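Here the structure is laid out as structure tokens; the discussion comes afterwards.
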Amino acid sequence: MSSILVLVHPQPDGSLSRHSLEVLALAKSLGGGDVVVGAVGGAPAIPFEGRVLVVEGEAFTQPRYSTDAAAAQAICEAVKPDVVLAPSTSRWTRCLAGVAQRVGGRIDTHVTALDESLQAMRWYYRQRIEAVLTRTQRPWFLIIESGSSKSVAPVAGTPAAVVKIAVSVSPRTEVSGMVSPQGGGQTIKPEAELLFVAGAGWTKKQKDGRVRAAEAAGLILGFIDRAGASLGSSKSLVDLSGEGVSVLPFLSHLNQVGQTGSTPRHPKGLATCCHGEEPHVVGWRFINERRAVNLDPSCGWARGKADVLYVADAFEVVAKLNELLSR
Amino acid sequence: MSNTYQIVVCAGVVPDPLQTLEPVSGPQGPALKNEMMLPSVLDPWAAHALYEASHLAKTVPGSRIWLVSLAPKAKLQQVLMTVAQKVSFELVALDGPASGFAESYEVAAALASAIETIPGLDKSRLLLFGGWESAARAAGTTLAMIGERLGISEQFQGVDSLQVREDGSFEILERVEGGKHQKSVCSGPPAVFGWATGNLPEPPNNPQTGMQNMRTVMPSLQKAKPIQVAGGATFVSAALPKQQRATRIVKETPVEEIAQEIAAWIRGGGAA
């Protein structure tokens with residue numbers, strides 16, 4: 001069996017995210033292989049019976065390509081793994097393709113399943129084609145999506161002994177912090193139970209012949225606050241915002257769901273004033289329960305893309321919903 | 001020292017998002033049914049990279065833009081008929097597969113070689129642009145590998161904003177978890193920027209720009225070097241997801257009733 005390196009970046013207190021623990025459990029489940037943990041930025045405070053290699057220091061606390069790539073490269077060269085697994089965090093996604101290039105490996109990202117025979121499942125054409133593949137080239141880097149393993153590695157017990165690796169770097173980039181583009185309740189909330197998608201119909205002429213964008217904004221934000229939902233948008237609505245049309249100013253490209261947007265993971269999704277065209281709906285691939293409100297009974301949602309389609313005026317439905325959710 | 005930028009934009013060609021895709025088995029592994037017949041567009045995130053490159057080049061006069069693309073020549077020509085009307089660039093065309101199933105390691109090697117051979121390219125002022133993921137392979141790996149092959153150690157992925165500061169350094173916003181942006185300052189070129197959507201709308205078509213671009217586009221297409229992309233992965237299967245749902249359509253129902261059903265569903269009840 002192959003030797004497997006699991007790359008993680010611990011929190012400041014040494015704990016690992018659930019996603020990292022899932023990947024560690026996945027590595028162990030592959031069976032028979034020598035599993036090594038490589039940590040960048042600090043030592044992981046988890047019980048682990050195998051080797052743990054750590055690159056730490058001030059320069060490695062910041063998520064940054066040059067330092068993360070140098071650290072991961074040093075760990076790979078020390079371990080010489082056949083397979084490298086990492087959670088699909090922005091930090092690993094940014095640098096591991098470059099690391100694979102440096103160590104002569106190959107890489108696959110957005111892996112949603114990996115079995116003992118090292119057959120990996122991933123999507124092509126933005127969630128439209130599902131493929132299972134394997135490779136003989138080593139090292140093989142696989143960036144694993146969250147939810148790919150049902151179990152997580154244990155966190156209680158005596159922390160593993162670590163071996164530190166010294167890496168010299170001189171980065172030209174300084175990370176100065178995080179920016180939240182929006183304040184208040186309308187932010188994207190990955191942990192939310194519900195995704196609420198506002199489509200372009202909110203900004204079109206309504207049955208009274210008027211554009212009611214301000215009213216739409218109030219209804220949408222009211223719903224997001226009351227339901228604790230994550231706010232998504234279809235591309236067309238986001239494009240209108242980008243072109244300076246005063247529609248729903250709180251929506252940016254970050255809210256965009258679909259082929260050129262995100263593919264969020266929420267248990268439930270409610271689409272409103274959105275036609276359910278394929279480029280948007282590919283972003284719903286990981287939304288389990290789907291409902292939609294649209295005036296058109298033959299829109300895309302009606303063609304097997306939603307569980308329930310309510311043929312109704314979203315203005316009226318959302319106003320009533322806000323009233324019900326306030327109680 | 002010159003403060004101009006040499007911007008190389010790597011952009012592929014992908015099937016129009018409105019097209020129905022069906023995988024078939026080909027001699028080289030999976031492929032798309034009637035792939036050559038499908039209408040194509042410039043890869044959406046890479047197109048945003050091109051628009052951002054154009055915007056940046058306009059703010060720093062003397063900067064140059066090259067569009068480097070690996071795709072079947074005929075498809076590339078079709079796509080460029082539109083794209084060439086939007087922004088000014090010089091084309092470096094490679095005649096090869098645009099398939100999402102092509103190996104990114106090999107594609108990166110071909111594109112990096114093509115960039116290396118651009119006459120007069122000053123790599124110390126190089127900004128390598130592209131989409132952070134394609135709409136075909138959707139892996140986000142090719143651009144980083146090209147950057148490594150070109151020896152560029154400062155790389156950014158999921159970029160939504162690039163501002164040039166007075167001292168020539170860059171302030172960059174990259175998408176990270178939780179709908180946030182990571183803000184970084186890079187001392188300057190060379191650097192790699194894998195663009196997300198950015199902030200610019202699609203530029204309108206300008207026939208004059210199109211005429212100007214076509215003077216270099218057509219010769220470049222004519223002498224596009226044929227590229228063979230060797231396979232890497234062994235595909236066990238490639239199939240459409242089984243996602244068809246039995247949609248219950250609720251119509252001619254009072255709004256009150258619909259709202260109550262949705263509220264119950266949100267709160268954890270309500271059968272589909």
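Scheme for the structure tokens: letters A, B, ... for chains in order shown; per-chain residue numbers from 1; ligand numbers from 1 in order shown.
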
(request) Can you list, as JSON, numbers by chain, all residues belonging to region 62-250 of chain B that DSSP tags as strand (DSSP E)? (result) {"B": [64, 65, 66, 67, 68, 69, 70, 71, 90, 91, 92, 93, 94, 95, 126, 127, 128, 129, 130, 131, 155, 156, 157, 158, 159, 160, 161, 162, 163, 164, 170, 171, 172, 173, 174, 175, 176, 180, 181, 182, 183, 184, 185, 186, 191, 192, 193, 194, 195, 225, 226, 234, 235, 236, 237, 238, 239, 248, 249, 250]}

Pull the closest atom pair for each residue of region 133-185 of chain A that gets at most 9 Å from region 114-127 of chain A, along with the distance in Å to one decimal, counting only C-alpha atoms, ordering rows by chain and then ascending residue number, as a tab-separated table.
```
residue	atom	partner	partner_atom	distance
A:Leu133	CA	A:Ala120	CA	5.4
A:Thr134	CA	A:Gln119	CA	4.9
A:Arg135	CA	A:Leu118	CA	8.2
A:Leu142	CA	A:Ala120	CA	8.5
A:Ile144	CA	A:Leu114	CA	8.7
A:Ser148	CA	A:Leu114	CA	7.9
A:Ser149	CA	A:Leu114	CA	8.9
```

Write the residues of the preceding selection, restricted to C-alpha atoms, as a PDB file, in the first residue's frame.
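Now in selection.pdb:
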```pdb
ATOM      1  CA  LEU A 133     -10.240   8.228 -12.191  1.00  0.00           C
ATOM      2  CA  THR A 134      -6.986   6.851 -10.935  1.00  0.00           C
ATOM      3  CA  ARG A 135      -3.328   7.530 -11.630  1.00  0.00           C
ATOM      4  CA  LEU A 142      -5.627  14.965  -4.015  1.00  0.00           C
ATOM      5  CA  ILE A 144     -10.506  16.595  -0.817  1.00  0.00           C
ATOM      6  CA  SER A 148     -16.058  13.161   1.635  1.00  0.00           C
ATOM      7  CA  SER A 149     -15.559  11.069   4.772  1.00  0.00           C
TER       8      SER A 149
END
```

(message) Given only C-alpha atoms as the basis, pick out the residue of B:Ala224, B:Ala246, B:Met145, B:Ile172 nearest to Ala100 (chain A).
(response)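 Using only C-alpha atoms, the shortest distance to Ala100 (chain A) belongs to B:Met145.
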
Long-range neighbours of region 322-325 of chain A as a compact mmCIF listing (two decimals) with N, CA and C atoms, in the first residue's frame, 8 Å cut-off, only C-alpha atoms, 3 positions minimum in chain:
```
# COMPACT_ATOMS: atom_id res chain seq x y z
N LEU A 219 -37.65 42.99 1.36
CA LEU A 219 -38.19 41.64 1.57
C LEU A 219 -37.07 40.60 1.67
N GLY A 222 -35.05 41.08 4.84
CA GLY A 222 -35.90 40.69 5.96
C GLY A 222 -35.95 39.17 6.10
N PHE A 223 -36.07 38.50 4.97
CA PHE A 223 -36.12 37.04 5.00
C PHE A 223 -34.79 36.46 5.48
N ARG A 226 -34.50 36.83 9.19
CA ARG A 226 -35.42 35.99 9.97
C ARG A 226 -35.10 34.50 9.85
N ALA A 227 -34.71 34.07 8.66
CA ALA A 227 -34.46 32.64 8.45
C ALA A 227 -33.01 32.25 8.74
N VAL A 318 -42.82 35.89 -0.11
CA VAL A 318 -41.76 36.25 0.83
C VAL A 318 -42.28 37.22 1.89
N ALA A 319 -43.19 38.12 1.51
CA ALA A 319 -43.77 39.02 2.51
C ALA A 319 -44.51 38.21 3.56
N ALA B 259 -46.86 30.00 1.85
CA ALA B 259 -45.92 30.53 2.82
C ALA B 259 -45.85 29.64 4.05
N GLN B 260 -47.00 29.12 4.47
CA GLN B 260 -47.01 28.25 5.65
C GLN B 260 -46.24 26.96 5.37
N ALA B 263 -42.54 27.83 5.35
CA ALA B 263 -42.07 28.12 6.71
C ALA B 263 -41.90 26.83 7.50
```

(request) Run DSSP on the backbone of this structure and report the residues of region 38-269 of chain B it assigns to helix (DSSP H, G or I), as number ranges by chain. (result) B: 44-59, 73-83, 104-116, 123-125, 142-149, 177-179, 207-222, 255-266

Tell me which protein, DNA and RNA residues are within 9 Å of region 98-107 of chain B, counting only C-alpha atoms, leaving out same-chain ones fewer than 2 positions away, and put them as a compact mmCIF listing (two decimals) with N, CA and C atoms, in the first residue's frame.
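Below is the file around_35.txt, written as the result:
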```txt
# COMPACT_ATOMS: atom_id res chain seq x y z
N GLN A 101 3.88 20.41 -9.06
CA GLN A 101 4.79 20.70 -10.17
C GLN A 101 6.26 20.61 -9.70
N GLY A 105 4.94 15.69 -9.34
CA GLY A 105 3.72 14.91 -9.13
C GLY A 105 2.60 15.35 -10.03
N ARG A 106 1.43 14.80 -9.77
CA ARG A 106 0.20 15.19 -10.47
C ARG A 106 -0.83 15.53 -9.41
N ILE A 107 -1.82 16.29 -9.82
CA ILE A 107 -2.78 16.74 -8.82
C ILE A 107 -4.21 16.68 -9.35
N TYR A 124 -16.39 17.28 -13.54
CA TYR A 124 -15.84 18.05 -14.66
C TYR A 124 -16.94 18.95 -15.20
N TYR A 125 -16.53 19.94 -15.96
CA TYR A 125 -17.46 20.88 -16.58
C TYR A 125 -18.42 21.47 -15.53
N GLY B 12 -8.68 29.36 -22.00
CA GLY B 12 -9.13 28.26 -22.84
C GLY B 12 -10.49 28.54 -23.44
N VAL B 13 -10.96 27.56 -24.16
CA VAL B 13 -12.26 27.66 -24.82
C VAL B 13 -13.12 26.54 -24.24
N VAL B 14 -14.36 26.87 -23.87
CA VAL B 14 -15.24 25.86 -23.26
C VAL B 14 -16.59 25.86 -23.97
N GLN B 28 -8.68 8.56 -26.46
CA GLN B 28 -7.79 9.17 -25.46
C GLN B 28 -8.46 9.23 -24.09
N GLY B 29 -9.60 8.57 -23.91
CA GLY B 29 -10.35 8.68 -22.66
C GLY B 29 -11.67 9.38 -22.89
N PRO B 30 -12.26 9.94 -21.85
CA PRO B 30 -13.57 10.57 -22.03
C PRO B 30 -13.49 11.81 -22.92
N ALA B 31 -14.57 12.08 -23.59
CA ALA B 31 -14.69 13.29 -24.41
C ALA B 31 -16.16 13.70 -24.39
N LEU B 32 -16.45 14.82 -25.02
CA LEU B 32 -17.84 15.25 -25.11
C LEU B 32 -18.42 14.82 -26.45
N GLU B 35 -18.26 17.16 -29.69
CA GLU B 35 -17.53 18.27 -29.08
C GLU B 35 -17.20 19.38 -30.07
N LEU B 70 -4.79 27.46 -25.83
CA LEU B 70 -4.64 26.13 -26.41
C LEU B 70 -6.05 25.60 -26.70
N ALA B 71 -6.36 25.46 -27.97
CA ALA B 71 -7.70 24.99 -28.37
C ALA B 71 -7.63 24.58 -29.83
N PRO B 72 -8.61 23.80 -30.29
CA PRO B 72 -8.66 23.51 -31.72
C PRO B 72 -8.76 24.83 -32.50
N GLY B 96 -4.61 22.58 -30.26
CA GLY B 96 -4.66 21.32 -29.51
C GLY B 96 -6.01 21.16 -28.84
N ALA B 109 2.59 22.57 -19.38
CA ALA B 109 3.90 22.50 -20.04
C ALA B 109 3.85 23.18 -21.41
N ALA B 110 2.78 22.91 -22.16
CA ALA B 110 2.65 23.48 -23.51
C ALA B 110 2.50 25.00 -23.44
N LEU B 111 1.67 25.47 -22.50
CA LEU B 111 1.44 26.91 -22.40
C LEU B 111 2.69 27.64 -21.91
N ALA B 112 3.39 27.02 -20.95
CA ALA B 112 4.61 27.66 -20.43
C ALA B 112 5.66 27.77 -21.54
N SER B 134 -11.13 26.63 -14.58
CA SER B 134 -11.80 26.69 -15.89
C SER B 134 -13.22 26.16 -15.72
N ALA B 135 -14.03 26.38 -16.72
CA ALA B 135 -15.37 25.80 -16.70
C ALA B 135 -15.36 24.42 -17.34
N ALA B 136 -14.18 23.90 -17.63
CA ALA B 136 -14.07 22.56 -18.22
C ALA B 136 -13.49 21.59 -17.18
N ARG B 137 -12.19 21.69 -16.95
CA ARG B 137 -11.56 20.81 -15.94
C ARG B 137 -11.95 21.25 -14.54
N ALA B 138 -12.11 22.55 -14.35
CA ALA B 138 -12.53 23.11 -13.06
C ALA B 138 -11.64 22.66 -11.92
N ALA B 139 -10.34 22.61 -12.18
CA ALA B 139 -9.42 22.12 -11.16
C ALA B 139 -8.61 23.24 -10.52
N THR B 141 -5.58 24.23 -11.41
CA THR B 141 -4.20 23.77 -11.25
C THR B 141 -3.27 24.28 -12.35
N THR B 142 -3.78 24.50 -13.54
CA THR B 142 -2.92 24.77 -14.69
C THR B 142 -2.10 26.06 -14.51
N MET B 145 0.80 25.82 -12.15
CA MET B 145 1.89 25.02 -12.72
C MET B 145 2.67 25.84 -13.76
N ILE B 146 1.96 26.63 -14.54
CA ILE B 146 2.65 27.49 -15.52
C ILE B 146 3.54 28.47 -14.76
N GLN B 228 0.21 18.00 -29.01
CA GLN B 228 -0.36 16.73 -28.53
C GLN B 228 -0.31 16.76 -27.01
N VAL B 229 -1.46 16.58 -26.38
CA VAL B 229 -1.49 16.54 -24.91
C VAL B 229 -1.57 15.08 -24.48
N ALA B 230 -0.48 14.63 -23.85
CA ALA B 230 -0.44 13.23 -23.42
C ALA B 230 -1.41 13.03 -22.26
N GLY B 231 -1.97 11.82 -22.18
CA GLY B 231 -2.90 11.50 -21.10
C GLY B 231 -2.16 11.36 -19.78
N GLY B 232 -2.84 11.54 -18.71
CA GLY B 232 -2.25 11.37 -17.39
C GLY B 232 -3.07 10.41 -16.56
N ALA B 233 -4.29 10.78 -16.30
CA ALA B 233 -5.16 9.95 -15.48
C ALA B 233 -5.77 8.81 -16.31
```

Could you pull the residues within 8 Å of region 191-198 of chain B, counting only C-alpha atoms, minus those fewer than 3 positions along the same chain, as a compact mmCIF listing (two decimals) with N, CA and C atoms, in the first residue's frame?
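Saved file part15.txt follows:
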```
# COMPACT_ATOMS: atom_id res chain seq x y z
N HIS A 253 -20.56 39.75 -6.82
CA HIS A 253 -20.20 38.48 -7.46
C HIS A 253 -19.98 37.36 -6.45
N THR A 260 -20.38 30.10 -13.14
CA THR A 260 -19.26 31.03 -12.93
C THR A 260 -19.29 31.59 -11.52
N TRP B 45 -14.10 32.60 -16.38
CA TRP B 45 -13.22 33.29 -15.43
C TRP B 45 -11.97 33.83 -16.13
N ALA B 46 -11.49 33.10 -17.14
CA ALA B 46 -10.35 33.60 -17.89
C ALA B 46 -10.72 34.85 -18.68
N HIS B 48 -12.82 37.08 -17.61
CA HIS B 48 -12.73 38.16 -16.63
C HIS B 48 -11.27 38.60 -16.46
N ALA B 49 -10.37 37.62 -16.47
CA ALA B 49 -8.94 37.94 -16.36
C ALA B 49 -8.50 38.83 -17.51
N GLU B 52 -9.79 42.33 -16.94
CA GLU B 52 -9.00 42.99 -15.89
C GLU B 52 -7.63 43.39 -16.44
N LEU B 126 6.54 40.48 -15.75
CA LEU B 126 5.46 39.60 -16.19
C LEU B 126 4.36 39.47 -15.14
N LEU B 127 3.13 39.66 -15.59
CA LEU B 127 1.96 39.34 -14.79
C LEU B 127 1.22 38.24 -15.55
N LEU B 128 1.15 37.07 -14.93
CA LEU B 128 0.48 35.95 -15.58
C LEU B 128 -0.96 35.89 -15.07
N PHE B 129 -1.89 36.13 -15.97
CA PHE B 129 -3.32 36.16 -15.63
C PHE B 129 -4.00 34.90 -16.17
N GLY B 130 -5.10 34.56 -15.55
CA GLY B 130 -5.95 33.48 -16.05
C GLY B 130 -7.12 33.33 -15.11
N GLY B 131 -7.99 32.39 -15.41
CA GLY B 131 -9.09 32.11 -14.48
C GLY B 131 -8.59 31.22 -13.37
N TRP B 132 -9.18 31.37 -12.17
CA TRP B 132 -8.69 30.52 -11.06
C TRP B 132 -9.13 29.08 -11.25
N GLU B 133 -10.18 28.87 -12.02
CA GLU B 133 -10.60 27.53 -12.43
C GLU B 133 -11.20 27.68 -13.81
N LEU B 143 -2.77 27.12 -14.08
CA LEU B 143 -2.11 28.42 -13.99
C LEU B 143 -0.95 28.38 -12.98
N ALA B 144 -1.19 27.72 -11.85
CA ALA B 144 -0.13 27.63 -10.83
C ALA B 144 1.06 26.87 -11.38
N GLY B 147 2.98 29.05 -13.70
CA GLY B 147 3.75 29.99 -12.89
C GLY B 147 5.02 29.36 -12.36
N ILE B 152 7.84 31.74 -11.10
CA ILE B 152 7.17 32.82 -10.37
C ILE B 152 6.67 32.28 -9.02
N SER B 153 7.17 32.88 -7.95
CA SER B 153 6.85 32.35 -6.62
C SER B 153 5.73 33.12 -5.93
N GLU B 154 5.30 34.22 -6.49
CA GLU B 154 4.19 34.96 -5.87
C GLU B 154 2.93 34.67 -6.68
N GLN B 155 2.01 33.96 -6.07
CA GLN B 155 0.81 33.55 -6.80
C GLN B 155 -0.43 33.82 -5.95
N PHE B 156 -1.51 34.15 -6.64
CA PHE B 156 -2.77 34.50 -5.97
C PHE B 156 -3.90 33.83 -6.74
N GLN B 157 -4.83 33.24 -6.01
CA GLN B 157 -5.93 32.53 -6.66
C GLN B 157 -7.27 33.04 -6.13
N GLY B 158 -8.27 33.07 -6.98
CA GLY B 158 -9.58 33.59 -6.58
C GLY B 158 -9.53 35.09 -6.41
N VAL B 159 -8.79 35.76 -7.30
CA VAL B 159 -8.58 37.20 -7.17
C VAL B 159 -9.83 37.96 -7.65
N ASP B 160 -10.27 38.89 -6.83
CA ASP B 160 -11.39 39.75 -7.21
C ASP B 160 -10.96 41.19 -7.39
N SER B 161 -9.77 41.54 -6.90
CA SER B 161 -9.33 42.93 -7.03
C SER B 161 -7.81 42.99 -7.03
N ARG B 175 -10.37 35.50 -2.82
CA ARG B 175 -11.51 34.85 -2.14
C ARG B 175 -11.02 33.75 -1.20
N GLY B 188 5.52 43.51 -6.20
CA GLY B 188 5.43 43.86 -7.62
C GLY B 188 5.61 42.63 -8.49
```

(message) If we count only C-alpha atoms and set the cut-off at 10 Å, which residues sit around Asp16 (chain B), ignoring sequence neighbours fewer than 6 positions away in its own chain? Please answer as a ChimeraX atom specification.
(response) /A:279 /B:38-44,135

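What separates CA of Val197 (chain A) from CA of Trp265 (chain B) is a distance of 16.1 Å.
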
(request) List the neighbours of Ala27 (chain A) out to 10 Å using only C-alpha atoms; skip same-chain residues closer than 2 positions along the sequence, and give me the result as a list in words. (result) Ser3, Ile4, Leu5, Val6, Leu21, Glu22, Val23, Leu24, Ala25, Ser29, Leu30, Gly31, Gly32, Gly33, Asp34, Val35, Val36, Val37, Val83, Val84, Leu85, Ala86, Leu114, Asp115, Glu116, Ser149 and Ala153 of chain A

Could you save the residues just selected, with C-alpha atoms, as a short mmCIF file (atom, residue, chain, number, x, y, z; two decimals), in the first residue's frame?
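Contents of again-v2.cif, as written:
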```cif
data_model
loop_
_atom_site.label_atom_id
_atom_site.label_comp_id
_atom_site.auth_asym_id
_atom_site.auth_seq_id
_atom_site.Cartn_x
_atom_site.Cartn_y
_atom_site.Cartn_z
CA SER A 3 2.53 5.93 1.92
CA ILE A 4 0.08 8.76 2.50
CA LEU A 5 0.87 12.28 3.59
CA VAL A 6 -1.98 14.35 5.03
CA LEU A 21 -10.06 15.60 10.65
CA GLU A 22 -12.26 14.12 7.90
CA VAL A 23 -9.29 13.97 5.54
CA LEU A 24 -7.15 12.36 8.23
CA ALA A 25 -9.86 9.76 8.84
CA SER A 29 -9.56 4.33 6.03
CA LEU A 30 -7.60 3.67 2.84
CA GLY A 31 -5.98 0.82 4.75
CA GLY A 32 -2.48 -0.53 5.13
CA GLY A 33 -0.61 2.60 4.20
CA ASP A 34 1.89 4.48 6.30
CA VAL A 35 0.04 7.72 7.16
CA VAL A 36 2.15 10.78 7.95
CA VAL A 37 0.81 14.17 8.99
CA VAL A 83 -0.24 10.03 -2.13
CA VAL A 84 -0.77 13.47 -0.63
CA LEU A 85 -4.19 14.36 0.76
CA ALA A 86 -5.27 17.83 1.84
CA LEU A 114 -11.59 8.22 -2.68
CA ASP A 115 -11.62 4.46 -2.14
CA GLU A 116 -9.06 1.85 -1.08
CA SER A 149 -15.56 11.07 4.77
CA ALA A 153 -10.09 11.45 13.33
#
```
